[in-house]
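Enquirer: Just one file: input.txt, with compact mmCIF, C-alpha atoms.
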```txt
# COMPACT_ATOMS: atom_id res chain seq x y z
CA MET J 76 26.18 9.20 87.70
CA SER J 77 24.45 6.45 85.80
CA ASN J 78 27.20 3.99 86.75
CA SER J 79 27.19 4.91 90.40
CA ILE J 80 23.47 4.30 90.83
CA VAL J 81 23.86 0.85 89.25
CA THR J 82 26.78 0.05 91.57
CA LEU J 83 24.72 1.23 94.54
CA ALA J 84 21.69 -0.77 93.40
CA LYS J 85 23.75 -3.94 92.90
CA THR J 86 25.13 -3.63 96.44
CA ALA J 87 21.64 -3.09 97.82
CA PHE J 88 20.40 -6.03 95.77
CA LYS J 89 22.94 -8.31 97.48
CA ASP J 90 21.34 -7.43 100.82
CA PHE J 91 17.92 -8.05 99.29
CA GLN J 92 19.10 -11.45 98.00
CA GLN J 93 20.51 -12.29 101.40
CA GLY J 94 17.19 -11.37 103.03
CA LEU J 95 15.28 -13.64 100.66
CA ALA J 96 17.75 -16.49 101.09
CA THR J 97 18.24 -16.34 104.86
CA GLY J 98 15.52 -14.18 106.43
CA GLU J 99 18.16 -11.70 107.69
CA TRP J 100 16.63 -8.44 106.54
CA GLU J 101 18.43 -5.84 108.70
CA PRO J 102 21.15 -4.93 106.15
CA PHE J 103 18.51 -4.33 103.47
CA LEU J 104 16.14 -2.49 105.82
CA GLU J 105 18.96 -0.11 106.77
CA ARG J 106 19.08 0.99 103.14
CA LEU J 107 15.44 2.17 103.12
CA THR J 108 14.24 5.70 103.79
CA ASP J 109 11.77 6.10 106.65
CA ASP J 110 9.05 7.07 104.19
CA PHE J 111 9.85 4.08 101.94
CA THR J 112 6.85 2.96 99.87
CA PHE J 113 6.45 -0.42 98.22
CA TRP J 114 4.04 -1.73 95.69
CA PHE J 115 3.25 -5.42 95.61
CA PRO J 116 0.88 -7.24 93.22
CA VAL J 117 -0.87 -9.85 95.36
CA GLY J 118 -2.07 -10.98 98.79
CA SER J 119 -2.52 -8.93 101.95
CA TYR J 120 0.13 -6.40 100.85
CA GLN J 121 -1.43 -5.87 97.42
CA GLY J 122 -1.13 -2.28 96.19
CA GLU J 123 0.89 0.52 97.77
CA ASN J 124 2.29 0.22 101.29
CA VAL J 125 3.90 3.10 103.16
CA GLY J 126 6.66 3.22 105.80
CA LYS J 127 9.76 1.33 106.81
CA ALA J 128 7.91 -0.41 109.66
CA LYS J 129 5.41 -1.85 107.17
CA ALA J 130 8.32 -2.95 104.98
CA LYS J 131 9.93 -4.78 107.89
CA GLU J 132 6.65 -6.54 108.60
CA PHE J 133 6.30 -7.45 104.91
CA PHE J 134 9.82 -8.83 104.41
CA ASN J 135 9.56 -10.83 107.63
CA TYR J 136 6.25 -12.24 106.39
CA VAL J 137 7.93 -13.20 103.09
CA SER J 138 10.69 -15.09 104.92
CA GLN J 139 8.79 -16.54 107.84
CA THR J 140 5.49 -17.46 106.22
CA ALA J 141 5.73 -17.54 102.42
CA PHE J 142 9.28 -18.83 101.82
CA PRO J 143 10.57 -20.31 105.11
CA GLN J 144 13.11 -22.39 103.12
CA GLY J 145 14.43 -19.23 101.47
CA LEU J 146 13.94 -17.85 97.97
CA SER J 147 16.79 -17.85 95.47
CA VAL J 148 16.94 -15.04 92.90
CA THR J 149 19.21 -14.57 89.89
CA ILE J 150 19.41 -11.37 87.87
CA ASN J 151 18.72 -11.57 84.13
CA ARG J 152 18.93 -7.87 83.27
CA ILE J 153 19.48 -4.46 84.87
CA THR J 154 18.24 -1.18 83.40
CA ASN J 155 18.37 2.25 84.99
CA SER J 156 17.46 5.88 84.79
CA GLU J 157 18.90 8.62 87.01
CA ASN J 158 17.09 7.52 90.18
CA THR J 159 15.52 4.18 89.33
CA VAL J 160 17.02 0.74 88.70
CA VAL J 161 14.95 -2.15 87.32
CA PHE J 162 16.03 -5.75 87.86
CA GLU J 163 14.52 -8.48 85.72
CA LEU J 164 15.11 -11.71 87.58
CA LYS J 165 14.25 -15.33 88.07
CA SER J 166 13.14 -16.55 91.48
CA GLU J 167 12.98 -20.10 92.69
CA GLY J 168 11.99 -21.78 95.92
CA GLU J 169 9.05 -23.26 97.78
CA LEU J 170 5.97 -21.08 98.33
CA PHE J 171 3.83 -22.40 101.17
CA SER J 172 5.66 -25.74 100.68
CA HIS J 173 4.84 -25.91 96.95
CA PRO J 174 7.55 -25.70 94.27
CA TYR J 175 7.64 -22.13 93.01
CA ILE J 176 9.36 -20.49 90.08
CA ASN J 177 8.79 -17.02 88.71
CA GLN J 178 10.10 -14.28 86.45
CA VAL J 179 9.86 -10.92 88.12
CA ALA J 180 10.64 -7.25 87.47
CA ILE J 181 11.52 -5.16 90.53
CA SER J 182 12.17 -1.39 90.52
CA PHE J 183 14.17 0.39 93.20
CA ASP J 184 13.83 4.19 93.37
CA PHE J 185 16.75 5.94 95.09
CA ARG J 186 16.93 9.20 97.04
CA GLY J 187 20.61 9.79 97.73
CA ASP J 188 22.02 6.41 98.67
CA HIS J 189 18.78 5.13 100.20
CA ILE J 190 15.89 3.30 98.56
CA CYS J 191 12.64 5.27 98.81
CA GLY J 192 10.47 3.19 96.49
CA TYR J 193 10.03 -0.44 95.44
CA ARG J 194 7.65 -1.88 92.86
CA GLU J 195 7.29 -5.53 91.98
CA TYR J 196 5.73 -6.99 88.81
CA LEU J 197 5.19 -10.71 88.21
CA GLY J 198 5.98 -12.50 84.99
CA ILE J 199 4.23 -15.79 85.64
CA LEU J 200 0.81 -15.91 87.19
CA TYR J 201 0.46 -18.63 89.71
CA GLN J 202 -2.40 -19.65 91.94
CA ILE J 203 -1.57 -19.77 95.63
CA LYS J 204 -3.17 -22.89 97.01
CA PRO J 205 -4.70 -22.65 100.48
CA GLN J 206 -2.61 -24.34 103.13
CA ALA J 207 -3.69 -27.81 104.24
CA MET M 63 23.83 6.42 72.89
CA SER M 64 21.70 6.12 75.98
CA ASN M 65 19.54 9.04 74.85
CA SER M 66 19.10 7.76 71.34
CA ILE M 67 17.80 4.37 72.47
CA VAL M 68 15.24 6.10 74.71
CA THR M 69 14.14 8.34 71.83
CA LEU M 70 13.85 5.29 69.58
CA ALA M 71 11.94 3.35 72.23
CA LYS M 72 9.51 6.23 72.83
CA THR M 73 8.78 6.43 69.11
CA ALA M 74 8.24 2.66 68.96
CA PHE M 75 6.06 2.89 72.04
CA LYS M 76 3.75 5.35 70.26
CA ASP M 77 3.13 2.71 67.60
CA PHE M 78 2.56 0.15 70.36
CA GLN M 79 0.07 2.49 72.04
CA GLN M 80 -1.68 3.05 68.74
CA GLY M 81 -1.92 -0.71 68.20
CA LEU M 82 -3.49 -1.19 71.63
CA ALA M 83 -5.88 1.72 71.17
CA THR M 84 -7.00 1.07 67.60
CA GLY M 85 -5.98 -2.47 66.56
CA GLU M 86 -3.74 -1.04 63.80
CA TRP M 87 -0.56 -2.99 64.45
CA GLU M 88 1.36 -2.62 61.16
CA PRO M 89 3.53 0.37 62.21
CA PHE M 90 4.61 -1.47 65.37
CA LEU M 91 5.10 -4.81 63.59
CA GLU M 92 7.41 -3.11 61.07
CA ARG M 93 9.72 -2.26 63.96
CA LEU M 94 10.25 -5.93 64.93
CA THR M 95 13.09 -8.16 63.77
CA ASP M 96 12.06 -11.36 61.97
CA ASP M 97 13.40 -13.42 64.88
CA PHE M 98 11.56 -11.25 67.44
CA THR M 99 10.78 -13.13 70.65
CA PHE M 100 8.19 -12.15 73.21
CA TRP M 101 7.49 -13.31 76.70
CA PHE M 102 3.99 -13.04 78.11
CA PRO M 103 2.79 -14.07 81.57
CA VAL M 104 -0.64 -15.60 81.03
CA GLY M 105 -3.08 -17.40 78.71
CA SER M 106 -2.38 -19.23 75.47
CA TYR M 107 0.75 -17.14 74.80
CA GLN M 108 2.21 -17.76 78.27
CA GLY M 109 6.01 -18.07 78.25
CA GLU M 110 8.35 -17.40 75.33
CA ASN M 111 7.04 -17.03 71.78
CA VAL M 112 9.28 -16.83 68.72
CA GLY M 113 8.89 -15.06 65.38
CA LYS M 114 7.29 -11.98 63.90
CA ALA M 115 4.39 -14.04 62.50
CA LYS M 116 3.54 -15.27 66.00
CA ALA M 117 3.77 -11.67 67.23
CA LYS M 118 1.29 -10.52 64.58
CA GLU M 119 -1.10 -13.29 65.61
CA PHE M 120 -0.68 -12.31 69.29
CA PHE M 121 -1.22 -8.57 68.88
CA ASN M 122 -4.25 -9.18 66.66
CA TYR M 123 -5.63 -11.50 69.34
CA VAL M 124 -5.09 -8.77 71.94
CA SER M 125 -7.04 -6.24 69.87
CA GLN M 126 -9.72 -8.43 68.34
CA THR M 127 -10.50 -10.78 71.22
CA ALA M 128 -9.19 -9.48 74.56
CA PHE M 129 -9.62 -5.69 74.19
CA PRO M 130 -11.94 -5.04 71.21
CA GLN M 131 -12.76 -1.58 72.67
CA GLY M 132 -9.06 -0.73 72.78
CA LEU M 133 -6.64 -0.54 75.70
CA SER M 134 -5.32 2.79 76.91
CA VAL M 135 -1.78 2.90 78.37
CA THR M 136 0.07 5.72 80.12
CA ILE M 137 3.77 5.63 80.95
CA ASN M 138 4.80 6.09 84.58
CA ARG M 139 8.55 5.55 84.24
CA ILE M 140 11.21 4.71 81.66
CA THR M 141 14.56 3.11 82.49
CA ASN M 142 17.18 1.87 80.05
CA SER M 143 20.47 0.12 79.53
CA GLU M 144 22.44 0.10 76.28
CA ASN M 145 20.01 -2.16 74.40
CA THR M 146 16.97 -2.49 76.65
CA VAL M 147 14.27 -0.03 77.65
CA VAL M 148 11.76 -0.77 80.41
CA PHE M 149 8.42 1.02 80.57
CA GLU M 150 6.42 0.96 83.79
CA LEU M 151 2.89 1.83 82.83
CA LYS M 152 -0.76 1.85 83.72
CA SER M 153 -3.26 0.18 81.41
CA GLU M 154 -6.99 0.66 81.39
CA GLY M 155 -9.83 -0.74 79.32
CA GLU M 156 -12.31 -3.58 79.11
CA LEU M 157 -10.99 -7.14 79.11
CA PHE M 158 -13.54 -9.57 77.70
CA SER M 159 -16.16 -6.87 78.43
CA HIS M 160 -15.15 -6.49 82.10
CA PRO M 161 -13.57 -3.30 83.48
CA TYR M 162 -9.82 -3.82 83.56
CA ILE M 163 -7.00 -1.84 85.11
CA ASN M 164 -3.40 -2.91 85.56
CA GLN M 165 0.12 -1.78 86.34
CA VAL M 166 2.60 -3.37 83.98
CA ALA M 167 6.33 -3.44 83.26
CA ILE M 168 7.31 -4.04 79.62
CA SER M 169 10.88 -4.45 78.33
CA PHE M 170 11.89 -3.82 74.74
CA ASP M 171 15.30 -5.19 73.63
CA PHE M 172 16.77 -3.45 70.59
CA ARG M 173 19.10 -4.69 67.88
CA GLY M 174 20.01 -1.66 65.79
CA ASP M 175 16.76 0.27 65.39
CA HIS M 176 14.53 -2.81 65.54
CA ILE M 177 12.98 -4.52 68.53
CA CYS M 178 14.19 -8.10 68.91
CA GLY M 179 12.75 -8.92 72.34
CA TYR M 180 9.69 -8.06 74.44
CA ARG M 181 8.90 -9.13 77.99
CA GLU M 182 5.79 -8.25 79.93
CA TYR M 183 5.32 -8.40 83.72
CA LEU M 184 2.02 -7.77 85.50
CA GLY M 185 1.63 -5.64 88.58
CA ILE M 186 -1.91 -6.56 89.57
CA LEU M 187 -3.12 -10.11 89.46
CA TYR M 188 -6.60 -10.43 88.11
CA GLN M 189 -8.81 -13.38 87.46
CA ILE M 190 -10.16 -13.58 83.92
CA LYS M 191 -13.80 -14.48 84.20
CA PRO M 192 -15.19 -16.91 81.63
CA GLN M 193 -17.40 -15.20 79.10
CA ALA M 194 -21.16 -15.48 79.66
```
Would you mind giving the structure from this file in C-alpha cells?
Expert:
Amino acid sequence: MSNSIVTLAKTAFKDFQQGLATGEWEPFLERLTDDFTFWFPVGSYQGENVGKAKAKEFFNYVSQTAFPQGLSVTINRITNSENTVVFELKSEGELFSHPYINQVAISFDFRGDHICGYREYLGILYQIKPQA
Amino acid sequence: MSNSIVTLAKTAFKDFQQGLATGEWEPFLERLTDDFTFWFPVGSYQGENVGKAKAKEFFNYVSQTAFPQGLSVTINRITNSENTVVFELKSEGELFSHPYINQVAISFDFRGDHICGYREYLGILYQIKPQA
C-alpha cells in the first residue's frame, strides 16, 4: 500500500510539474477531489482555501501572474504515510520578473486516488517586491 | 523498519520538544551525529549549517534569544521514508517578545539511531520586528 501511494503521488506530481512549467493545469486539476483544500503560506491565498474552483483560480494565478515564464521544480526527497506524501523540492524561475529560487516542502493528502489536501511550506524566505 | 524509524523519530522529537520548551538541549544534542547538518530558512543561520557544535550554538540561540519563554509545538502529521521522517507541526510562543504562531515542516534524516540531517520549512511568513 505504501508503494502504491508513492507511485500515485509521483504520477500526480508530474501533472503538477507540467502545470507549473506550462500553465496547463487541467490534468492536475482532474486529480483533485471537489472538496479539495489547500494551505498556502503567503499572499492573497495565505492560509486555508477550500474547493476545486478556488484551486483552479489559484493555480491559474500562479502561472499567469506570478510565474508567466514557468516554474521549474526538482524533487530532492519523498516521504509518505498511508494517505500523505511529502515532497521536498527545489524550485527555480522568475517571480514577477525577478530571479527566484526556493526550497519547498509540499504535502499531498490522498482519498482513494484523488488528492483532497495540499499544504505548502517555504524553505527560503524571500521578499516579493512590488511590481514597477 | 518503517515502524522503527517512526518510533525512533518520535522519541527524538520529545527531546526536541523539551529543548524548545525548556532550553535543555543536551538530550536532543546527544542524538545528533558529529557531522550533523541543518538547514534553516531565515536569519543568521539561513541555509545549510554543518557540525554538532554549530547545532548546539543554534539551538541555544533559539532558546536564549529568540524564544526565552519557550516554544510549544504540537504534531499535526508524520510521514516517513526509510531514513527520513517529516513532522508537520504547529508552533506557538513569543518571538522576541511578540506573539508568534507558525505552521512548520521539519525533516529529520537518520543514520543508524542518530540524526544526521535536519531541514526546516515555514508555513506562515512573518516579519520579525526589530526589538524596541
Enquirer: Using only C-alpha atoms for the distances, tell me which of J:Phe115, J:Tyr175, J:Phe91, J:Phe142 is nearest to chain M.
Expert: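 Residue with the minimum atom-to-atom distance to chain M: J:Phe115.
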Enquirer: If you measure from CA of Ser66 in chain M to CA of Asp175 in chain M, what distance in Å do you get, rounded to one decimal?
Expert: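 Distance between the two atoms: 9.8 Å.
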Enquirer: Kindly give the distance, in Å, that separates CA of Leu184 in chain M and CA of Asn135 in chain J, rounded to a single decimal.
Expert: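 Computing the Euclidean distance for CA of Leu184 in chain M and CA of Asn135 in chain J yields 23.6 Å.
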Enquirer: Once you count all atoms listed in the file, which residues end up no further than 6 Å from (18.9, -3.5, 78.5) in the file's frame, shown as a ChimeraX atom specification?
Expert: /J:154 /M:142-147
Enquirer: Tell me, counting only C-alpha atoms, for each residue of chain J within 10 Å of chain M, which pair of atoms is nearest and how far apart they are in Å to one decimal, in rows ordered by chain and increasing number, as CSV.
Expert:
```
residue,atom,partner,partner_atom,distance
J:Ser77,CA,M:Ser143,CA,9.8
J:Trp114,CA,M:Gly185,CA,8.5
J:Phe115,CA,M:Gly185,CA,7.2
J:Pro116,CA,M:Ile186,CA,4.6
J:Val117,CA,M:Leu187,CA,6.3
J:Gly118,CA,M:Leu187,CA,9.4
J:Gln121,CA,M:Ile186,CA,7.9
J:Gly122,CA,M:Ile186,CA,7.9
J:Arg152,CA,M:Thr146,CA,8.8
J:Ile153,CA,M:Ser143,CA,7.1
J:Thr154,CA,M:Ser143,CA,4.7
J:Asn155,CA,M:Thr141,CA,4.6
J:Ser156,CA,M:Thr141,CA,4.6
J:Glu157,CA,M:Thr141,CA,8.3
J:Asn158,CA,M:Thr141,CA,9.2
J:Thr159,CA,M:Thr141,CA,7.0
J:Val160,CA,M:Thr141,CA,7.1
J:Val161,CA,M:Thr141,CA,7.2
J:Phe162,CA,M:Val148,CA,9.9
J:Glu163,CA,M:Ser169,CA,9.2
J:Asn177,CA,M:Pro103,CA,9.8
J:Gln178,CA,M:Tyr183,CA,8.1
J:Val179,CA,M:Tyr183,CA,6.8
J:Ala180,CA,M:Tyr183,CA,6.6
J:Ile181,CA,M:Ala167,CA,9.1
J:Ser182,CA,M:Glu150,CA,9.2
J:Arg194,CA,M:Gly185,CA,8.3
J:Glu195,CA,M:Gly185,CA,6.6
J:Tyr196,CA,M:Gly185,CA,4.3
J:Leu197,CA,M:Tyr183,CA,5.1
J:Gly198,CA,M:Tyr183,CA,4.3
J:Ile199,CA,M:Pro103,CA,4.6
J:Leu200,CA,M:Pro103,CA,6.2
J:Tyr201,CA,M:Leu187,CA,9.2
J:Gln202,CA,M:Leu187,CA,9.9
```
Enquirer: Please compute the CA of Arg186 in chain J-CA of Leu107 in chain J distance, one decimal, in Å.
Expert: 9.4 Å
Enquirer: Using only C-alpha atoms, which of J:Gly94, J:Thr108, J:Leu164, J:Gln139 sits nearest Gly187 in chain J?
Expert: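 The shortest atom-to-atom distance to Gly187 in chain J comes from J:Thr108.
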Enquirer: I'd like the contact shell of Ala128 in chain J - 10 Å cut-off, only C-alpha atoms, skipping same-chain residues fewer than 6 positions apart - returned as a count of residues only.
Expert: 4
Enquirer: Could you name the residues that touch Thr140 in chain J at 12 Å or less, counting all atoms listed in the file, but leaving out those on the same chain fewer than 2 positions away, as a list in words?
Expert: Leu95, Gly98, Glu132, Phe133, Phe134, Asn135, Tyr136, Val137, Ser138, Phe142, Pro143, Gln144, Gly145, Leu146, Glu169, Leu170, Phe171, Ser172 and Gln206 of chain J
Enquirer: Please rebuild range 145-174 of chain J with N, CA and C atoms and return the result as a compact mmCIF listing (two decimals), in the frame of the given file.
Expert:
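Ended up saving to rebuild.txt:
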```
# COMPACT_ATOMS: atom_id res chain seq x y z
N GLY J 145 13.62 -20.19 102.23
CA GLY J 145 14.43 -19.23 101.47
C GLY J 145 14.02 -19.19 100.01
N LEU J 146 14.24 -18.03 99.40
CA LEU J 146 13.94 -17.85 97.97
C LEU J 146 15.24 -17.45 97.29
N SER J 147 15.56 -18.14 96.19
CA SER J 147 16.79 -17.85 95.47
C SER J 147 16.49 -17.01 94.23
N VAL J 148 17.20 -15.89 94.07
CA VAL J 148 16.94 -15.04 92.90
C VAL J 148 18.21 -14.82 92.09
N THR J 149 18.08 -14.86 90.76
CA THR J 149 19.21 -14.57 89.89
C THR J 149 18.79 -13.47 88.91
N ILE J 150 19.71 -12.54 88.71
CA ILE J 150 19.41 -11.37 87.87
C ILE J 150 19.60 -11.71 86.39
N ASN J 151 18.59 -11.41 85.58
CA ASN J 151 18.72 -11.57 84.13
C ASN J 151 19.17 -10.27 83.45
N ARG J 152 18.65 -9.14 83.93
CA ARG J 152 18.93 -7.87 83.27
C ARG J 152 18.79 -6.72 84.26
N ILE J 153 19.59 -5.68 84.06
CA ILE J 153 19.48 -4.46 84.87
C ILE J 153 19.34 -3.28 83.92
N THR J 154 18.35 -2.44 84.15
CA THR J 154 18.24 -1.18 83.40
C THR J 154 18.09 -0.05 84.41
N ASN J 155 18.46 1.16 84.01
CA ASN J 155 18.37 2.25 84.99
C ASN J 155 18.12 3.60 84.37
N SER J 156 17.50 4.46 85.12
CA SER J 156 17.46 5.88 84.79
C SER J 156 18.24 6.59 85.89
N GLU J 157 18.07 7.89 86.05
CA GLU J 157 18.90 8.62 87.01
C GLU J 157 18.67 8.14 88.44
N ASN J 158 17.41 7.88 88.79
CA ASN J 158 17.09 7.52 90.18
C ASN J 158 16.44 6.17 90.35
N THR J 159 16.23 5.45 89.26
CA THR J 159 15.52 4.18 89.33
C THR J 159 16.34 3.08 88.67
N VAL J 160 16.36 1.90 89.29
CA VAL J 160 17.02 0.74 88.70
C VAL J 160 16.02 -0.40 88.65
N VAL J 161 15.87 -1.02 87.48
CA VAL J 161 14.95 -2.15 87.32
C VAL J 161 15.76 -3.43 87.16
N PHE J 162 15.44 -4.41 87.98
CA PHE J 162 16.03 -5.75 87.86
C PHE J 162 14.99 -6.68 87.25
N GLU J 163 15.35 -7.37 86.18
CA GLU J 163 14.52 -8.48 85.72
C GLU J 163 15.20 -9.74 86.24
N LEU J 164 14.46 -10.59 86.92
CA LEU J 164 15.11 -11.71 87.58
C LEU J 164 14.26 -12.96 87.58
N LYS J 165 14.91 -14.05 87.92
CA LYS J 165 14.25 -15.33 88.07
C LYS J 165 14.27 -15.68 89.55
N SER J 166 13.15 -16.14 90.08
CA SER J 166 13.14 -16.55 91.48
C SER J 166 12.68 -17.99 91.59
N GLU J 167 13.20 -18.67 92.57
CA GLU J 167 12.98 -20.10 92.69
C GLU J 167 13.02 -20.51 94.15
N GLY J 168 12.02 -21.31 94.55
CA GLY J 168 11.99 -21.78 95.92
C GLY J 168 10.74 -22.59 96.18
N GLU J 169 10.30 -22.60 97.44
CA GLU J 169 9.05 -23.26 97.78
C GLU J 169 8.12 -22.24 98.44
N LEU J 170 6.96 -22.02 97.80
CA LEU J 170 5.97 -21.08 98.33
C LEU J 170 4.90 -21.88 99.07
N PHE J 171 4.77 -21.62 100.36
CA PHE J 171 3.83 -22.40 101.17
C PHE J 171 4.01 -23.90 100.92
N SER J 172 5.29 -24.33 100.87
CA SER J 172 5.66 -25.74 100.68
C SER J 172 5.35 -26.31 99.30
N HIS J 173 5.01 -25.45 98.33
CA HIS J 173 4.84 -25.91 96.95
C HIS J 173 5.98 -25.37 96.10
N PRO J 174 6.49 -26.19 95.16
CA PRO J 174 7.55 -25.70 94.27
C PRO J 174 7.09 -24.42 93.58
```
